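Chemist: Sharing a structure, written as structure tokens. Questions coming.
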Amino acid sequence: MSARAVADRGMDTAFLAAWTAPAQVRTRLSLRLASWGMAGIVEDVALIASELVTNAVLHAGEGEIRVRFTREAGGVLLEVWDACDRRPVRRRAPRATAAGGPPEAAAPDPGGGDGMGGRGLLIVEALAAQFGVVPTGPRGKWVWARIAV
């Protein structure tokens, strides 16, 4: 993933897996993007960061998460690590009704969840040029998104 990186390496920072982490990450990334002259993608990067960091906080327990942010030719690469081995699950987007009306509400998750999670990856998929997951050993994973300028 780093073959496309340019001179300014960005950041590689650990954060406590706390509900304050998404706001801290958004602030740091916004400042970094402004310093790189990439203000045009601040909103997309902030939204993607919110989704990925929130998911990491949910699954990291009381540990820490890591965030790497790298400038690349044509955009940026955002990577978020947590210690959970479970891969993120993307829910399907709600479909419009047969009559062409608004989408129907999704049914609750039969696995016991409340049906509210899993839609953030739809946002990431819509805003990122690419995204994926890389397992790490002995545990955990990096979830990454590449955002074009």
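Each chain in the structure tokens gets a letter, A, B and so on, in the order shown; residues start at 1 in every chain, and ligands are counted from 1 in the order they appear.
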Compile the contact shell of range 46-51 of chain A as a short mmCIF file (atom, residue, chain, number, x, y, z; two decimals) with C-alpha atoms, in the first residue's frame: residues with an atom at most 8 Å away, counting only C-alpha atoms, same-chain residues fewer than 5 positions apart removed.

Modeler:
```cif
data_model
loop_
_atom_site.label_atom_id
_atom_site.label_comp_id
_atom_site.auth_asym_id
_atom_site.auth_seq_id
_atom_site.Cartn_x
_atom_site.Cartn_y
_atom_site.Cartn_z
CA PRO A 22 -13.25 9.82 16.29
CA ALA A 23 -13.29 13.57 17.00
CA VAL A 25 -8.78 11.79 14.55
CA ARG A 26 -11.06 14.03 12.45
CA LEU A 29 -6.68 14.70 9.68
CA SER A 30 -8.43 17.97 8.80
CA LEU A 78 -6.31 6.23 5.72
CA GLY A 120 -21.13 2.97 7.77
CA LEU A 121 -19.20 0.81 5.33
CA ILE A 123 -20.64 5.37 3.26
CA VAL A 124 -16.97 4.40 3.08
CA LEU A 127 -16.75 7.99 -0.82
CA ALA A 128 -13.50 6.05 -1.16
CA ALA A 145 -9.59 3.50 2.55
#
```

Chemist: Check the smallest atom-to-atom distance from each of A:Gly40, A:Gly10, A:Pro138, A:Gly132 to Val89 in chain A using only C-alpha atoms, then report the winner.

Modeler: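 That would be A:Gly132, the residue with the smallest distance to Val89 in chain A.
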